[in-house]
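Report on the structure given below.
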Number of protein chains: 2
Amino acid sequence: MVGTTVGSKLVQLGHEVMMGSRTKDNAKATEWVKDKGPHATHGTFADAASHAVIIFNCTSGGASMEALKMAGAENLKGKILIDLANPLDFSKGMPPSLIPSLSNTTSLGEEIQKAFPETKVVKAMNTMNCGLMVNAAGVPGDHDVFVCGNDADAKEKVKAMLEADFGWKSFVDLGDISGARGTEMLLPLWLRLYGVNKSPNFNFKIVK
Amino acid sequence: MVGTTVGSKLVQLGHEVMMGSRTKDNAKATEWVKDKGPHATHGTFADAASHAVIIFNCTSGGASMEALKMAGAENLKGKILIDLANPLDFSKGMPPSLIPSLSNTTSLGEEIQKAFPETKVVKAMNTMNCGLMVNAAGVPGDHDVFVCGNDADAKEKVKAMLEADFGWKSFVDLGDISGARGTEMLLPLWLRLYGVNKSPNFNFKIVK
């Protein structure tokens, strides 16, 4: 859902998007490209990674490492990877908790950066619903998108893209990729608020 | 620090406060009462719990269960316990992580409620600096205090007290005590923001 939402918005804005999947003939990806015109294509994770200038990781957090390995370190090398995923653990029932090996003393963002040291991992937008990711005005007023990553230039490029394409204006830069620990651990509160508000249409604002 | 900040403010407002410690002659508690007048006293955890109508748990999260056992289930029975603590784990270096047995699939708030089923545990104000806890206006503008607990009446009493004594107006009620899971897991982000902002004087606002 995150992948098709982000992909559809980017195609609508005129960007070329290749949707990567485990297999070339993935049914959902095939369906997704149907009415999108020539800028929307699909292929394997490796096809998408080698094709792309910027990669969005929209896979389920528990499957991200495997998907990125299938994408291939060579195809990801030197590129910006915007990591939207969260290491949610559905194995212990609902609500999901976080996968212990990818949280608390580390994070999915950090582990991806460690596994792909030549890729510029930028963690961003993982603390909100995907509808809001691509349309900051979907929640009225002033609210924040958390951004972190080791490469300052990559972070600036991501911020510029999020502003130009998705309307984001208020960025909270948490420094290097270890800032992902805090934003991924925000998910249990986000899920609780989703239940309380009976809507995913809300966001966090740091007031100071 | 949390205990003396909250205690001092309550004494200043005319409430009677007994500071509980492991031992009756605790040096910091003895020092704390010195210039506070007749409304400030100190004693053991059990003295404080038996004396109190409302109990604030201001102990370090990793020591809370032991402190509350020393306070005694009989002394805590039927009373409101406002749990301000967080299960921070300093044993793995800085920044602290969360104690695995008190986080992710449970929380300190939940474990306290389980251990003391006849006490009305209300988790509140654990997502901010203690200076802000007792003075909501310390951060300008509109921002939130998260509250959760199993007893609806106890939560309303706590909200009324936080409003009357500390100036809180904007409450986000997360339902039963399992909401503590989300607010305690907010600590890693809080700690990161403290580092980024170089000040503990900020707070969260849920925008919707």
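Going by the structure tokens order, chains are called A, B, ..., each with residues numbered from 1, while ligands are numbered from 1 in the order shown.
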What are the residues of chain B that have an atom within 8 Å of an atom of chain A, counting only C-alpha atoms, as a short mmCIF file (atom, residue, chain, number, x, y, z; two decimals) with N, CA and C atoms, in the first residue's frame?
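That gives us result.cif:
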```cif
data_model
loop_
_atom_site.label_atom_id
_atom_site.label_comp_id
_atom_site.auth_asym_id
_atom_site.auth_seq_id
_atom_site.Cartn_x
_atom_site.Cartn_y
_atom_site.Cartn_z
N SER B 97 18.80 2.56 26.27
CA SER B 97 17.72 1.88 25.54
C SER B 97 16.61 1.61 26.55
N LEU B 98 15.66 0.77 26.20
CA LEU B 98 14.62 0.41 27.16
C LEU B 98 14.89 -1.00 27.68
N ASN B 104 8.19 -2.97 24.75
CA ASN B 104 7.84 -3.57 23.45
C ASN B 104 6.56 -4.42 23.52
N THR B 105 6.60 -5.56 24.21
CA THR B 105 5.38 -6.35 24.34
C THR B 105 4.72 -6.14 25.71
N VAL B 139 6.75 25.50 27.96
CA VAL B 139 6.88 25.47 26.50
C VAL B 139 5.68 26.24 25.96
N PRO B 140 5.94 27.28 25.17
CA PRO B 140 4.82 28.10 24.70
C PRO B 140 3.91 27.34 23.73
N GLY B 141 2.67 27.79 23.66
CA GLY B 141 1.74 27.21 22.68
C GLY B 141 1.06 25.96 23.17
N ASP B 142 0.46 25.28 22.23
CA ASP B 142 -0.39 24.13 22.52
C ASP B 142 0.40 22.83 22.33
N HIS B 143 0.44 22.01 23.38
CA HIS B 143 1.12 20.71 23.29
C HIS B 143 0.49 19.79 24.31
N ASP B 173 -5.90 11.11 25.76
CA ASP B 173 -6.22 9.92 26.53
C ASP B 173 -6.04 8.69 25.65
N LEU B 174 -5.10 7.83 26.04
CA LEU B 174 -4.76 6.66 25.24
C LEU B 174 -5.48 5.40 25.70
N GLY B 175 -6.50 5.58 26.52
CA GLY B 175 -7.28 4.41 26.95
C GLY B 175 -6.66 3.70 28.14
N GLY B 179 -1.65 1.58 26.97
CA GLY B 179 -1.18 2.76 26.23
C GLY B 179 0.19 3.22 26.68
N ARG B 181 2.76 1.53 26.80
CA ARG B 181 3.75 0.95 25.91
C ARG B 181 4.24 1.99 24.90
N GLY B 182 3.32 2.68 24.29
CA GLY B 182 3.66 3.68 23.29
C GLY B 182 4.37 4.89 23.88
N THR B 183 3.89 5.36 25.04
CA THR B 183 4.51 6.58 25.58
C THR B 183 5.90 6.29 26.15
N MET B 185 7.90 4.04 24.94
CA MET B 185 8.77 3.83 23.77
C MET B 185 9.07 5.13 23.01
N LEU B 186 8.45 6.20 23.47
CA LEU B 186 8.74 7.52 22.91
C LEU B 186 10.06 8.06 23.45
N LEU B 187 10.55 7.47 24.53
CA LEU B 187 11.75 8.01 25.19
C LEU B 187 12.98 8.08 24.29
N PRO B 188 13.28 7.05 23.50
CA PRO B 188 14.45 7.17 22.62
C PRO B 188 14.36 8.38 21.67
N LEU B 189 13.17 8.67 21.17
CA LEU B 189 13.02 9.87 20.32
C LEU B 189 13.17 11.13 21.16
N TRP B 190 12.59 11.12 22.36
CA TRP B 190 12.72 12.28 23.25
C TRP B 190 14.21 12.57 23.52
N ARG B 192 16.77 11.73 21.77
CA ARG B 192 17.42 12.20 20.54
C ARG B 192 17.12 13.68 20.30
N LEU B 193 15.86 14.05 20.50
CA LEU B 193 15.45 15.45 20.31
C LEU B 193 16.13 16.36 21.33
N VAL B 196 19.45 16.98 19.86
CA VAL B 196 19.37 17.84 18.67
C VAL B 196 19.02 19.28 19.07
N ASN B 201 13.55 21.48 26.79
CA ASN B 201 12.34 22.28 26.86
C ASN B 201 11.53 22.22 25.54
N PHE B 202 10.93 21.09 25.32
CA PHE B 202 10.08 20.90 24.14
C PHE B 202 9.03 19.86 24.50
N ASN B 203 8.05 19.74 23.64
CA ASN B 203 7.02 18.72 23.89
C ASN B 203 6.38 18.28 22.58
N PHE B 204 5.60 17.22 22.66
CA PHE B 204 4.91 16.67 21.49
C PHE B 204 3.48 17.23 21.40
N LYS B 205 3.04 17.42 20.17
CA LYS B 205 1.65 17.79 19.92
C LYS B 205 1.12 16.86 18.83
N ILE B 206 -0.03 16.27 19.08
CA ILE B 206 -0.68 15.46 18.04
C ILE B 206 -1.57 16.40 17.23
N VAL B 207 -1.25 16.52 15.96
CA VAL B 207 -2.01 17.41 15.08
C VAL B 207 -2.95 16.55 14.24
N LYS B 208 -4.21 16.91 14.18
CA LYS B 208 -5.15 16.12 13.38
C LYS B 208 -6.20 17.01 12.73
#
```
**Request:** Write out as a ChimeraX atom specification all residues of chain A that DSSP puts in strand (DSSP E) for this structure's backbone.
**Result:** /A:17-21,40-44,54-57,80-83,88-89,97-98,120-124,145-149,171-173,203-207
Output N, CA and C atoms for every residue in that selection, as a short mmCIF file (atom, residue, chain, number, x, y, z; two decimals), in the first residue's frame.
```cif
data_model
loop_
_atom_site.label_atom_id
_atom_site.label_comp_id
_atom_site.auth_asym_id
_atom_site.auth_seq_id
_atom_site.Cartn_x
_atom_site.Cartn_y
_atom_site.Cartn_z
N VAL A 17 8.73 5.88 -12.53
CA VAL A 17 8.74 4.97 -11.37
C VAL A 17 8.76 3.51 -11.84
N MET A 18 9.72 2.76 -11.33
CA MET A 18 9.67 1.31 -11.54
C MET A 18 9.39 0.64 -10.19
N MET A 19 8.29 -0.10 -10.17
CA MET A 19 7.89 -0.82 -8.97
C MET A 19 8.64 -2.15 -8.93
N GLY A 20 9.42 -2.34 -7.89
CA GLY A 20 10.16 -3.59 -7.76
C GLY A 20 9.40 -4.60 -6.92
N SER A 21 9.48 -5.84 -7.30
CA SER A 21 8.84 -6.92 -6.54
C SER A 21 9.78 -8.13 -6.53
N ALA A 40 5.22 4.58 -15.69
CA ALA A 40 5.13 3.53 -14.66
C ALA A 40 5.49 2.18 -15.25
N THR A 41 6.51 1.56 -14.66
CA THR A 41 6.91 0.22 -15.10
C THR A 41 7.10 -0.67 -13.87
N HIS A 42 7.32 -1.93 -14.12
CA HIS A 42 7.57 -2.81 -12.97
C HIS A 42 8.59 -3.87 -13.36
N GLY A 43 9.21 -4.46 -12.33
CA GLY A 43 10.23 -5.46 -12.57
C GLY A 43 10.64 -6.08 -11.25
N THR A 44 11.76 -6.77 -11.26
CA THR A 44 12.25 -7.35 -10.01
C THR A 44 12.84 -6.24 -9.14
N ILE A 54 16.82 7.34 -7.29
CA ILE A 54 16.44 7.33 -5.87
C ILE A 54 15.56 6.11 -5.63
N ILE A 55 15.84 5.40 -4.54
CA ILE A 55 15.06 4.20 -4.21
C ILE A 55 14.22 4.45 -2.96
N PHE A 56 12.96 4.10 -3.02
CA PHE A 56 12.12 4.12 -1.82
C PHE A 56 11.99 2.69 -1.31
N ASN A 57 12.34 2.46 -0.06
CA ASN A 57 12.08 1.15 0.54
C ASN A 57 10.69 1.16 1.16
N ILE A 80 20.70 7.18 -3.29
CA ILE A 80 19.92 7.52 -2.10
C ILE A 80 18.81 6.49 -1.94
N LEU A 81 18.71 5.95 -0.73
CA LEU A 81 17.61 5.04 -0.41
C LEU A 81 16.77 5.67 0.70
N ILE A 82 15.55 6.03 0.37
CA ILE A 82 14.64 6.61 1.37
C ILE A 82 13.91 5.45 2.03
N ASP A 83 14.19 5.28 3.31
CA ASP A 83 13.65 4.13 4.04
C ASP A 83 12.38 4.52 4.79
N LEU A 88 7.97 -3.85 12.13
CA LEU A 88 6.82 -4.33 12.92
C LEU A 88 6.81 -5.85 13.00
N ASP A 89 6.49 -6.33 14.17
CA ASP A 89 6.47 -7.77 14.46
C ASP A 89 5.02 -8.19 14.70
N SER A 97 4.29 -5.51 17.81
CA SER A 97 5.40 -4.93 18.57
C SER A 97 6.52 -4.67 17.56
N LEU A 98 7.72 -4.39 18.03
CA LEU A 98 8.85 -4.21 17.11
C LEU A 98 9.73 -5.46 17.16
N LYS A 120 23.31 5.62 0.37
CA LYS A 120 23.01 6.73 1.28
C LYS A 120 21.61 6.56 1.82
N VAL A 121 21.51 5.94 2.98
CA VAL A 121 20.21 5.66 3.58
C VAL A 121 19.69 6.90 4.31
N VAL A 122 18.50 7.31 3.94
CA VAL A 122 17.83 8.42 4.62
C VAL A 122 16.50 7.90 5.15
N LYS A 123 16.37 7.90 6.46
CA LYS A 123 15.11 7.47 7.09
C LYS A 123 14.19 8.67 7.12
N ALA A 124 13.00 8.52 6.62
CA ALA A 124 12.05 9.64 6.59
C ALA A 124 10.63 9.13 6.41
N VAL A 145 7.99 16.20 9.69
CA VAL A 145 8.52 14.95 9.17
C VAL A 145 9.94 14.79 9.73
N PHE A 146 10.19 13.65 10.37
CA PHE A 146 11.51 13.36 10.93
C PHE A 146 12.41 12.80 9.83
N VAL A 147 13.64 13.30 9.79
CA VAL A 147 14.59 12.87 8.77
C VAL A 147 15.92 12.57 9.46
N CYS A 148 16.56 11.46 9.09
CA CYS A 148 17.92 11.23 9.58
C CYS A 148 18.71 10.41 8.57
N GLY A 149 20.01 10.51 8.66
CA GLY A 149 20.89 9.79 7.74
C GLY A 149 22.32 10.29 7.89
N PHE A 171 10.74 20.14 8.71
CA PHE A 171 11.61 18.97 8.88
C PHE A 171 12.28 18.99 10.25
N VAL A 172 12.29 17.85 10.91
CA VAL A 172 13.06 17.72 12.15
C VAL A 172 14.21 16.77 11.83
N ASP A 173 15.40 17.34 11.70
CA ASP A 173 16.59 16.56 11.34
C ASP A 173 17.20 15.96 12.60
N ASN A 203 -0.68 13.66 12.77
CA ASN A 203 0.79 13.65 12.73
C ASN A 203 1.34 14.29 14.00
N PHE A 204 2.64 14.16 14.16
CA PHE A 204 3.34 14.69 15.33
C PHE A 204 3.92 16.07 15.03
N LYS A 205 3.91 16.92 16.03
CA LYS A 205 4.59 18.21 15.94
C LYS A 205 5.45 18.38 17.18
N ILE A 206 6.71 18.74 16.98
CA ILE A 206 7.57 19.05 18.13
C ILE A 206 7.41 20.53 18.41
N VAL A 207 6.90 20.84 19.59
CA VAL A 207 6.68 22.23 20.01
C VAL A 207 7.81 22.63 20.94
#
```
